[in-house]
Each structure stands twice: as structure tokens, then as C-alpha cells.
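Data file: input_34.txt. Format and content: compact mmCIF, C-alpha atoms.
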# COMPACT_ATOMS: atom_id res chain seq x y z
CA MET A 119 -4.92 -13.18 -18.13
CA ARG A 120 -5.61 -13.29 -14.42
CA ARG A 121 -8.14 -10.81 -13.11
CA ILE A 122 -7.41 -9.33 -9.68
CA LEU A 123 -10.25 -10.01 -7.27
CA ALA A 124 -12.37 -7.40 -5.54
CA PRO A 125 -10.90 -5.20 -2.80
CA ALA A 126 -13.42 -6.63 -0.35
CA LEU A 127 -11.27 -9.77 -0.15
CA VAL A 128 -8.21 -7.81 0.94
CA SER A 129 -6.86 -7.66 4.48
CA LEU A 130 -4.55 -5.00 5.91
CA PHE A 131 -1.54 -6.03 7.95
CA VAL A 132 0.01 -3.29 10.10
CA LEU A 133 3.67 -4.01 10.72
CA THR A 134 6.06 -1.86 12.71
CA ALA A 135 9.20 -0.78 10.88
CA THR A 136 12.23 -0.97 13.15
CA PRO A 137 15.46 0.54 11.77
CA ALA A 138 18.11 -2.12 11.20
CA ALA A 139 21.82 -2.03 10.62
CA ALA A 140 22.68 -2.06 6.92
CA THR A 141 25.46 -0.96 4.62
CA PRO A 142 24.62 2.47 3.20
CA ALA A 143 24.66 3.04 -0.54
CA THR A 144 27.78 4.35 -2.24
CA VAL A 145 26.87 7.99 -2.93
CA THR A 146 28.57 10.55 -5.20
CA LEU A 147 27.77 14.24 -5.60
CA VAL A 148 26.75 15.12 -9.16
CA PRO A 149 29.08 18.01 -10.12
CA TYR A 150 26.34 20.32 -11.42
CA THR A 151 24.16 22.75 -9.50
CA MET A 152 20.56 21.62 -9.12
CA ASP A 153 17.65 24.07 -8.97
CA SER A 154 15.40 23.94 -5.91
CA SER A 155 12.44 23.27 -8.23
CA ASN A 156 13.83 19.82 -9.03
CA GLN A 157 11.39 17.86 -6.90
CA ALA A 158 8.47 15.58 -7.69
CA ALA A 159 6.99 12.22 -6.76
CA TRP A 160 5.52 11.00 -10.06
CA TRP A 161 8.59 11.59 -12.29
CA THR A 162 10.97 9.13 -13.96
CA PRO A 163 14.15 11.25 -14.14
CA LEU A 164 16.66 8.39 -14.09
CA GLU A 165 17.83 6.06 -16.85
CA THR A 166 20.59 3.44 -16.91
CA TYR A 167 22.34 1.58 -19.68
CA VAL A 168 24.74 -1.34 -19.43
CA GLY A 169 26.55 -2.13 -22.68
CA GLY A 170 30.32 -2.12 -22.92
CA ASN A 171 30.16 0.18 -19.91
CA GLN A 172 27.75 1.14 -17.13
CA TYR A 173 26.07 4.48 -17.76
CA ALA A 174 23.58 6.52 -15.78
CA TYR A 175 21.57 9.50 -17.00
CA LEU A 176 19.94 11.91 -14.53
CA ALA A 177 17.51 14.46 -15.99
CA PHE A 178 17.24 17.50 -13.74
CA ASN A 179 16.39 21.17 -13.44
CA GLU A 180 19.34 23.50 -13.07
CA PRO A 181 19.05 27.21 -12.20
CA GLY A 182 17.66 29.45 -14.92
CA ALA A 183 18.78 32.91 -15.99
CA THR A 184 16.61 34.58 -13.36
CA ALA A 185 15.09 33.67 -10.01
CA GLY A 186 12.01 31.49 -10.33
CA THR A 187 13.15 29.84 -13.56
CA HIS A 188 15.03 26.66 -14.43
CA ARG A 189 16.82 25.07 -17.36
CA VAL A 190 16.60 21.41 -18.30
CA ALA A 191 19.69 19.21 -18.53
CA ILE A 192 20.95 15.62 -18.26
CA ALA A 193 23.89 14.63 -16.08
CA ARG A 194 25.69 11.68 -17.71
CA ARG A 195 27.95 9.33 -15.76
CA ASP A 196 30.07 6.74 -17.54
CA GLY A 197 31.38 3.50 -16.13
CA SER A 198 34.67 5.06 -15.02
CA GLY A 199 32.79 7.61 -12.93
CA ALA A 200 33.39 10.58 -15.25
CA TRP A 201 30.58 13.11 -15.53
CA SER A 202 29.42 15.20 -18.48
CA ARG A 203 26.49 17.57 -18.86
CA ILE A 204 24.05 17.38 -21.77
CA PRO A 205 21.78 20.43 -22.22
CA VAL A 206 18.20 19.93 -23.37
CA MET A 207 17.76 22.33 -26.27
CA ASN A 208 14.83 24.41 -27.46
CA GLY A 209 16.15 25.52 -30.82
CA SER A 210 19.48 27.31 -30.36
CA ALA A 211 18.90 27.95 -26.63
CA GLN A 212 18.69 25.63 -23.67
CA ALA A 213 15.10 24.83 -22.69
CA GLU A 214 14.09 27.19 -19.87
CA TYR A 215 10.79 27.49 -18.00
CA THR A 216 9.14 29.05 -14.97
CA ASP A 217 9.38 27.05 -11.75
CA ASP A 218 6.29 25.09 -10.72
CA VAL A 219 7.25 22.69 -7.96
CA GLY A 220 5.59 19.30 -8.20
CA HIS A 221 4.70 19.71 -11.87
CA ASN A 222 7.53 21.12 -13.99
CA GLN A 223 10.12 18.41 -13.44
CA PRO A 224 11.66 16.25 -16.19
CA SER A 225 11.07 12.60 -17.03
CA MET A 226 13.34 10.78 -19.46
CA ALA A 227 14.04 7.49 -21.23
CA ARG A 228 16.70 6.14 -23.59
CA ASP A 229 15.44 4.21 -26.61
CA GLY A 230 17.07 1.16 -28.20
CA THR A 231 19.02 3.33 -30.62
CA GLY A 232 20.54 5.38 -27.80
CA ARG A 233 18.46 8.52 -28.30
CA PHE A 234 17.22 10.40 -25.24
CA HIS A 235 13.55 11.30 -24.82
CA VAL A 236 12.80 14.07 -22.32
CA PHE A 237 9.43 15.52 -21.30
CA ALA A 238 9.75 18.63 -19.17
CA SER A 239 7.84 21.47 -17.54
CA MET A 240 4.28 20.54 -18.40
CA HIS A 241 1.47 21.58 -16.09
CA ASN A 242 -1.56 21.60 -18.35
CA ASN A 243 0.72 22.78 -21.15
CA ALA A 244 0.93 21.51 -24.71
CA TRP A 245 3.74 19.01 -25.28
CA ARG A 246 7.23 20.04 -24.26
CA TYR A 247 9.12 17.11 -25.68
CA PHE A 248 12.79 16.80 -26.60
CA ARG A 249 14.60 13.98 -28.41
CA SER A 250 18.18 13.35 -29.49
CA ASP A 251 18.66 13.43 -33.26
CA THR A 252 21.72 11.19 -32.89
CA PRO A 253 22.52 8.52 -30.28
CA GLY A 254 23.64 10.22 -27.09
CA GLY A 255 23.18 13.70 -28.55
CA ALA A 256 21.65 16.73 -26.87
CA PRO A 257 17.84 16.44 -27.05
CA GLN A 258 16.13 18.90 -29.40
CA ASN A 259 12.53 20.14 -29.44
CA HIS A 260 10.30 17.59 -31.18
CA ALA A 261 6.97 18.54 -29.62
CA ALA A 262 5.24 18.47 -33.01
CA ASP A 263 5.87 14.71 -33.30
CA LEU A 264 3.33 13.78 -30.61
CA PRO A 265 -0.36 13.04 -31.20
CA ASP A 266 -3.04 14.96 -29.27
CA GLN A 267 -1.71 18.40 -30.12
CA GLY A 268 -3.11 21.50 -28.46
CA ILE A 269 -4.21 19.74 -25.26
CA GLY A 270 -2.88 20.45 -21.78
CA VAL A 271 -0.58 17.68 -20.54
CA THR A 272 0.74 16.92 -17.04
CA TYR A 273 2.73 14.17 -15.28
CA PRO A 274 4.66 12.44 -18.09
CA VAL A 275 6.03 9.06 -16.94
CA LEU A 276 8.29 6.99 -19.22
CA THR A 277 9.83 3.55 -19.55
CA THR A 278 11.76 1.66 -22.23
CA ALA A 279 10.49 -1.65 -23.61
CA PRO A 280 12.74 -4.69 -24.04
CA ASN A 281 12.76 -4.10 -27.82
CA GLY A 282 13.90 -0.47 -27.46
CA ASP A 283 10.51 1.22 -27.89
CA VAL A 284 9.54 3.91 -25.36
CA TYR A 285 6.16 4.00 -23.61
CA LEU A 286 4.61 7.08 -22.00
CA ILE A 287 1.62 7.70 -19.77
CA ALA A 288 0.38 11.21 -19.00
CA ARG A 289 -2.72 13.10 -17.88
CA LEU A 290 -4.53 15.17 -20.46
CA ASP A 291 -7.08 17.92 -19.92
CA GLY A 292 -10.79 17.39 -20.29
CA THR A 293 -14.07 18.61 -18.88
CA SER A 294 -15.70 17.79 -15.55
CA THR A 295 -18.06 15.49 -17.46
CA ALA A 296 -15.27 13.58 -19.18
CA GLY A 297 -12.65 14.10 -16.47
CA ARG A 298 -8.92 14.51 -17.02
CA SER A 299 -7.92 11.26 -18.66
CA GLY A 300 -4.86 9.02 -18.51
CA ARG A 301 -3.42 8.17 -21.92
CA LEU A 302 -0.84 5.66 -23.11
CA TYR A 303 1.58 6.41 -25.97
CA ARG A 304 4.27 4.41 -27.79
CA TRP A 305 7.47 5.48 -29.51
CA ASN A 306 8.11 2.95 -32.29
CA ASN A 307 11.90 2.94 -32.27
CA ALA A 308 12.28 1.25 -35.66
CA ALA A 309 9.92 3.69 -37.40
CA SER A 310 10.82 6.73 -35.22
CA THR A 311 7.16 7.63 -34.70
CA TRP A 312 4.81 8.28 -31.78
CA THR A 313 1.25 6.94 -31.62
CA ARG A 314 -1.46 7.04 -28.98
CA LEU A 315 -2.39 3.52 -27.97
CA ALA A 316 -5.35 4.24 -25.71
CA VAL A 317 -7.19 6.41 -23.25
CA PHE A 318 -6.63 3.92 -20.45
CA ALA A 319 -8.45 5.70 -17.59
CA GLU A 320 -11.23 8.28 -17.47
CA SER A 321 -14.03 8.98 -15.03
CA ALA A 322 -16.57 11.80 -14.70
CA ASN A 323 -15.50 14.61 -12.36
CA ARG A 324 -12.17 12.90 -11.71
CA ALA A 325 -8.57 13.55 -12.71
CA VAL A 326 -6.00 10.84 -13.37
CA TYR A 327 -2.61 11.09 -11.62
CA PRO A 328 0.01 8.86 -13.31
CA ASP A 329 2.53 7.20 -10.98
CA ASP A 330 4.54 4.54 -12.78
CA LEU A 331 4.78 2.02 -15.61
CA ARG A 332 7.12 -0.98 -15.89
CA PHE A 333 7.71 -3.98 -18.15
CA ASP A 334 7.73 -7.48 -16.71
CA SER A 335 9.73 -10.56 -17.72
CA ALA A 336 7.03 -11.62 -20.21
CA GLY A 337 7.08 -8.28 -22.02
CA ASP A 338 3.80 -6.98 -20.57
CA LEU A 339 3.46 -3.38 -19.40
CA HIS A 340 2.07 -2.56 -15.94
CA LEU A 341 0.46 0.85 -15.26
CA LEU A 342 -0.13 2.58 -11.93
CA TRP A 343 -2.11 5.74 -11.14
CA GLU A 344 -4.40 7.51 -8.64
CA TRP A 345 -7.70 9.39 -8.96
CA GLY A 346 -8.29 12.93 -7.78
CA LEU A 347 -11.27 15.24 -7.65
CA TYR A 348 -11.67 17.22 -10.90
CA PRO A 349 -9.96 19.43 -11.91
CA ALA A 350 -7.06 18.80 -9.50
CA THR A 351 -6.18 18.17 -5.87
CA ALA A 352 -3.05 17.45 -3.84
CA PHE A 353 -4.69 14.42 -2.21
CA ARG A 354 -5.88 11.46 -4.25
CA HIS A 355 -7.65 8.14 -3.81
CA GLN A 356 -8.28 4.62 -5.15
CA LEU A 357 -4.76 3.78 -6.28
CA SER A 358 -5.33 1.69 -9.43
CA TYR A 359 -3.57 -0.82 -11.65
CA LEU A 360 -3.82 -2.02 -15.24
CA ARG A 361 -1.81 -4.38 -17.44
CA TYR A 362 -1.20 -3.97 -21.18
CA ARG A 363 0.13 -6.67 -23.53
CA PRO A 364 1.97 -5.07 -26.49
CA SER A 365 2.08 -8.38 -28.38
CA THR A 366 -1.72 -8.43 -28.70
CA GLY A 367 -2.72 -4.83 -27.92
CA ALA A 368 -5.00 -6.11 -25.14
CA PHE A 369 -5.54 -4.65 -21.68
CA SER A 370 -6.44 -6.65 -18.59
CA SER A 371 -9.75 -4.72 -18.46
CA PRO A 372 -11.76 -2.90 -21.14
CA VAL A 373 -10.46 0.67 -21.42
CA PRO A 374 -10.92 3.37 -20.46
CA VAL A 375 -11.46 2.10 -16.93
CA SER A 376 -13.30 4.34 -14.46
CA THR A 377 -13.29 4.59 -10.68
CA SER A 378 -16.02 1.94 -10.65
CA THR A 379 -14.33 -0.50 -13.08
CA ALA A 380 -10.64 -0.04 -12.26
CA ASP A 381 -8.59 -2.68 -10.45
CA VAL A 382 -8.22 -0.70 -7.21
CA ILE A 383 -5.23 -1.50 -5.02
CA GLN A 384 -6.14 0.84 -2.17
CA PRO A 385 -9.93 1.23 -1.78
CA LEU A 386 -11.49 4.08 0.15
CA GLU A 387 -11.11 3.54 3.88
CA SER A 388 -13.39 4.69 6.67
CA GLY A 389 -13.80 8.46 6.51
CA GLU A 390 -12.02 8.77 3.16
CA VAL A 391 -13.85 10.88 0.57
CA TYR A 392 -12.99 12.88 -2.53
CA GLU A 393 -12.33 16.44 -1.37
CA GLY A 394 -10.26 19.48 -2.32
CA ASN A 395 -6.81 20.60 -1.16
CA ASP A 396 -8.00 21.53 2.33
CA SER A 397 -8.91 17.92 3.12
CA THR A 398 -7.41 16.32 6.20
CA LYS A 399 -9.03 12.92 5.68
CA PRO A 400 -7.30 9.70 4.51
CA ALA A 401 -5.77 9.92 1.04
CA VAL A 402 -3.14 8.53 -1.34
CA GLN A 403 -0.23 10.59 -2.60
CA SER A 404 2.40 8.99 -4.85
CA ALA A 405 3.19 5.35 -5.70
CA LYS A 406 5.79 3.23 -7.49
CA LEU A 407 5.89 -0.36 -8.65
CA THR A 408 8.29 -3.17 -9.46
CA LEU A 409 7.94 -6.69 -10.81
CA ASP A 410 8.87 -10.11 -9.49
CA GLY A 411 8.79 -11.89 -12.82
CA THR A 412 5.26 -10.97 -13.89
CA SER A 413 3.83 -10.25 -10.42
CA PRO A 414 3.36 -6.55 -9.55
CA LYS A 415 4.61 -5.15 -6.23
CA VAL A 416 3.55 -1.62 -5.25
CA ALA A 417 4.80 0.92 -2.71
CA TYR A 418 2.64 3.96 -1.99
CA ARG A 419 2.18 6.86 0.41
CA TYR A 420 -1.08 6.83 2.32
CA ARG A 421 -2.35 9.38 4.83
CA SER A 422 -3.88 7.75 7.86
CA ALA A 423 -5.38 9.64 10.78
CA VAL A 424 -1.86 10.57 11.99
CA ASN A 425 0.79 10.69 9.25
CA PHE A 426 1.52 10.00 5.63
CA GLU A 427 2.84 6.47 6.02
CA VAL A 428 4.42 4.10 3.49
CA ARG A 429 2.45 1.02 2.46
CA TYR A 430 3.18 -2.02 0.32
CA ALA A 431 0.70 -3.98 -1.81
CA TYR A 432 1.01 -7.29 -3.61
CA VAL A 433 -1.20 -9.98 -5.15
CA ASN A 434 -1.76 -12.81 -2.67
CA SER A 435 -2.39 -16.50 -3.34
CA ALA A 436 -6.13 -15.85 -3.68
CA GLY A 437 -5.52 -13.35 -6.50
CA ALA A 438 -6.46 -10.31 -4.38
CA TRP A 439 -4.49 -7.25 -3.41
CA ALA A 440 -3.07 -7.55 0.11
CA ARG A 441 -1.50 -4.59 1.90
CA GLN A 442 1.10 -4.03 4.60
CA THR A 443 2.39 -0.95 6.40
CA VAL A 444 6.10 -0.44 5.79
CA TYR A 445 6.68 2.67 7.89
CA ALA A 446 4.31 4.81 9.96
CA ALA A 447 6.30 6.28 12.88
CA THR A 448 6.68 9.85 11.58
CA GLN A 449 5.70 11.98 8.62
CA THR A 450 7.13 11.02 5.22
CA ARG A 451 7.68 13.02 2.04
CA ALA A 452 6.14 12.49 -1.39
CA ALA A 453 9.16 10.52 -2.59
CA LEU A 454 9.16 6.79 -3.27
CA GLY A 455 11.09 4.17 -5.17
CA MET A 456 10.88 0.40 -5.40
CA THR A 457 12.95 -2.48 -6.78
CA TRP A 458 12.94 -6.27 -6.59
CA HIS A 459 16.10 -7.96 -5.36
CA PRO A 460 16.59 -11.66 -6.26
CA THR A 461 17.52 -12.66 -2.69
CA GLU A 462 16.20 -9.81 -0.50
CA GLY A 463 12.91 -9.46 -2.36
CA LYS A 464 11.28 -6.05 -2.37
CA ARG A 465 13.16 -2.89 -1.48
CA VAL A 466 11.07 0.19 -0.71
CA TYR A 467 12.84 3.57 -0.77
CA TYR A 468 11.29 6.59 0.91
CA ALA A 469 12.16 9.95 2.53
CA ARG A 470 11.15 11.22 5.95
CA GLU A 471 9.97 14.74 6.68
CA SER A 472 12.55 14.92 9.46
CA GLY A 473 15.27 14.38 6.86
CA GLY A 474 17.03 11.65 4.96
CA ALA A 475 16.33 8.80 2.57
CA PHE A 476 15.73 5.25 3.77
CA VAL A 477 15.33 1.77 2.33
CA ALA A 478 12.98 -0.77 3.90
CA THR A 479 13.10 -4.53 3.47
CA GLU A 480 10.85 -7.27 4.80
CA SER A 481 11.72 -10.63 6.28
CA GLY A 482 9.39 -13.03 8.03
CA GLY A 483 6.58 -10.49 8.13
CA THR A 484 8.68 -7.72 9.68
CA TRP A 485 9.79 -4.57 7.88
CA THR A 486 13.10 -2.91 8.79
CA SER A 487 14.44 0.44 7.61
CA ALA A 488 17.98 1.75 7.22
CA ALA A 489 19.42 5.07 6.06
CA VAL A 490 20.50 5.08 2.42
CA ALA A 491 22.81 8.10 2.63
CA PRO A 492 23.43 8.91 6.31
CA GLY A 493 24.00 12.60 7.03
CA LEU A 494 22.56 13.86 3.74
CA PRO A 495 19.24 15.78 3.88
CA ILE A 496 17.70 13.97 0.91
CA ASP A 497 14.05 14.91 0.35
CA ARG A 498 13.30 13.57 -3.15
CA LEU A 499 14.46 10.41 -4.89
CA ALA A 500 14.12 7.97 -7.77
CA VAL A 501 15.55 4.50 -8.24
CA GLU A 502 16.14 2.04 -11.07
CA ARG A 503 17.62 -1.44 -10.94
CA ASP A 504 20.22 -1.72 -13.72
CA ALA A 505 21.17 -4.77 -15.78
CA THR A 506 23.97 -5.68 -13.36
CA GLY A 507 21.46 -6.10 -10.53
CA THR A 508 22.40 -2.89 -8.75
CA ASP A 509 19.93 -0.28 -7.49
CA VAL A 510 20.95 3.04 -9.03
CA LEU A 511 19.75 5.98 -6.94
CA TYR A 512 18.80 9.55 -7.84
CA LEU A 513 18.92 11.54 -4.58
CA ALA A 514 17.94 15.21 -4.42
CA ASP A 515 18.74 17.69 -1.66
CA THR A 516 16.53 20.60 -2.72
CA THR A 517 17.49 22.80 0.24
CA ASN A 518 21.14 22.98 -0.80
CA GLY A 519 20.71 22.53 -4.54
CA ARG A 520 22.58 19.25 -4.70
CA LEU A 521 21.93 16.10 -6.69
CA TYR A 522 23.55 12.79 -5.74
CA TYR A 523 24.13 9.54 -7.60
CA GLY A 524 24.08 6.34 -5.57
CA ARG A 525 24.57 2.58 -5.98
CA ASN A 526 23.05 0.09 -3.57
Whole structure, C-alpha cells version:
Amino acid sequence: MRRILAPALVSLFVLTATPAAATPATVTLVPYTMDSSNQAAWWTPLETYVGGNQYAYLAFNEPGATAGTHRVAIARRDGSGAWSRIPVMNGSAQAEYTDDVGHNQPSMARDGTGRFHVFASMHNNAWRYFRSDTPGGAPQNHAADLPDQGIGVTYPVLTTAPNGDVYLIARLDGTSTAGRSGRLYRWNNAASTWTRLAVFAESANRAVYPDDLRFDSAGDLHLLWEWGLYPATAFRHQLSYLRYRPSTGAFSSPVPVSTSTADVIQPLESGEVYEGNDSTKPAVQSAKLTLDGTSPKVAYRYRSAVNFEVRYAYVNSAGAWARQTVYAATQTRAALGMTWHPTEGKRVYYARESGGAFVATESGGTWTSAAVAPGLPIDRLAVERDATGTDVLYLADTTNGRLYYGRN
């Protein structure tokens, strides 16, 4: 397996993003009220399925019984465009929790049997995990089925393997000596069991911040995360990458990796240091990845001396991470998505602080951006490329409590 070379061999190309004319996505309002707490950057709240029909599943927070609370649900869209609502159940009642923006948002996946897996509202909480008992059924509380019971968990990120298994990465509590670790779990769909595969990242006085995980065309799993100062901080550093091969159980580096042994995509830049939430220095905040065959492509939000800009990283011909600036004109939000188009190549989705969601593409070394949903104040998003080759969009307007479904 190829080893990515040291960051010292990487060069940074700063490219100006100039908005270009493009056809906006086809966008539909989801007919259910969304709670204002439904906003995150790390989450995986969108799932698609193409069988005899084209389905989309959008996990979201809807308003709770009282102010400052939310309930967890799934909005289901079938291929004819009809919507239905699936509540996520905690016993006989719908799962309901206190709002905690940036932490208590849902991530979901659909396994090969058609059962939904939802992780919701965990900010250093024990597992809050829900699974359908029948294909397509309302998820029920199955928190006791997970390993590592009684430990605080945050930032659950999910994906479905080609064989129908589900893989999960999350951050688990620790001490300043051990750090808050990143752990990888597998749902064996045939056996209907969860196991912990590894502590994949851990470093003293550091906390792991999961971002994304995706399978490539060879069946390998790619993991993406950042490092923050222990116990937690809004601004992170040393965006890192790791590959796992389920067929052999081997990682691309001995695990757990640390800040000194990880394959770092974005090394510390001049003036960048690990600090607390009052830091104004360079930092990373949120990232997503996609695959071109087996080659990882990464979009991430990086704070320069002026703004949080959007950057893109890829493995160059020398085997090193190379980086480009996608957009840097104004402040962006902690919302990113990324897909790989067979003719256009990479598509990077992001949201601007001034309002609206955009998609950026690159041609001949120049990045151009276009509005995804003109006129809509989208401030959070997720994206997944479905089996038909269409980008399915999850677009949140938290100010007005609206969730949109899009196809691009």
C-alpha cells in the first residue's frame, strides 16, 4: 500500500475562485418543520438508495415539546417524489433531547438489509443509538448493542460498505495523558452485531475530531479527522488521513496514530499553534472527502489571516499531498460537501457567511463557483452521490427552520 510522503514535499497553490454561470440544482422543500439546532459540519445525515426506485433519507432534528429541545426523525423521499416521516423512537416515545448546536445532530446509514442506523444527540454522552428492527422501519433504541459502554461519545460519522455492513468513527472520552481518541466500529450486517475494530488515532493532550469516512472502488475505507487541544476546542489542526482495508484488517499506518505519526494533509502553517477557543491564529475546522477510484480527494475549511477559506487537497504524482485554495474572498461557514464527477472531476460544496450554498469546480487550474440554490439562505449542508451518478443535496436553512432536498 502506498505511503503518502512527508508534508515538507507539499506545495500550496492559491487560486482565485471566480463565480461562473451554471445550472442550479433542482431543489424541493422537505414538508416537515426543522429545528434550528439541526446544524453541524461533521455529520452524515443523508443516505440514498437506488433499487427499483430512487430513495433519499434525511435524518434531522425537528422541534421538541418545549423550547430548547428537539426530536429526532427521518424524512423519506421515494422515487415519485412522495414524502413520509419516520420517527426515531426511544421506547414508546420519540427520541427527544436538549439542544446543543454543533454536537447533538444526527448521523445515519442504511445497511444492506434496509435497516436504518441513527446516532443522535451525543456530546460526551453514552451511546444514543437507534436501529430499525425491520427493513425501513422506525429506528428503536439499541444503545446496549455497542461496545465501549459507559464512555462519553461525540461526533458519530457513518458510511455503508459495498457488502451492506455499516462502519462508524467517533470520538471517545479519555484523559489528558491519553487524549480523546478516535475509534472505528463495524456493524456486521449478516450477523447483526457491532464490534470495535480499532482505536485509530490517539495523542497525549489532544482530542480527535472525526470528519468523514468513505469506501473506494477497491473496497478500502478512507478516514479523515482533525486534532484539537484537549479536552476540546472550536479550532483544530493537522487534518489527517488513514486508510483501512477490511479484507485484511490492515491500516496504512500502525494504529493508533498520533500527531507525530499521522499522515497529515494540512500541516501547521506559520503562526499556527494549538490553542483554546479564543485563538485567532490559523486553524482547520471541518473537512469532507471523496474518491476518484482509490485516490482520496479532500475539501476542508482553513482559517488564514483573513477568513475561513475553502481548500482542496489531493495526492500528486510524487505521492505527496498537494493543496489548492478553492474560495477565499469572504467568510465561509462550517459546512462542506464533496463528490467526484466522472467528467467534471471534483465538486466542492460550501456555504458563505453572507448567505447561500455554492458548488465549486476546477478546470485548467482555475476554480469557479456557482450558487446551488439561488435565493435560499442555506447555511448547512451535506451531499452524497447516488448510484445514478447524481449529487443528492441536504440543504438546511436554520434561520427559518426549513430543510431542502436537492439534485445536481
Contact residues around Val428 in chain A with only C-alpha atoms at 8 Å, ignoring same-chain residues under 6 positions, as a VMD selection string: chain A and resid 417 to 420 443 to 446 450 468
Distance criterion (all atoms listed in the file): nearest to Val219 in chain A out of A:Trp343, A:Tyr173, A:Trp161, A:Tyr512: A:Trp161
Nearest-residue call for Thr278 in chain A, choices A:Met152, A:Glu502, A:Glu344, A:Gly254, using only C-alpha atoms: A:Glu502
Residue nearest Thr146 in chain A among A:Trp201, A:Gly170, A:Asn518, A:Ser210 (counting only C-alpha atoms):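 Checking each of A:Trp201, A:Gly170, A:Asn518, A:Ser210 against Thr146 in chain A, counting only C-alpha atoms, the winner is A:Trp201.
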Need the axis-aligned box for range 480-499 of chain A with 3 Å each side, so what are the centre and edges in Å to one decimal, as lines of an AutoDock Vina configuration file?
center_x = 15.3
center_y = 1.4
center_z = 2.4
size_x = 23.4
size_y = 34.8
size_z = 20.6
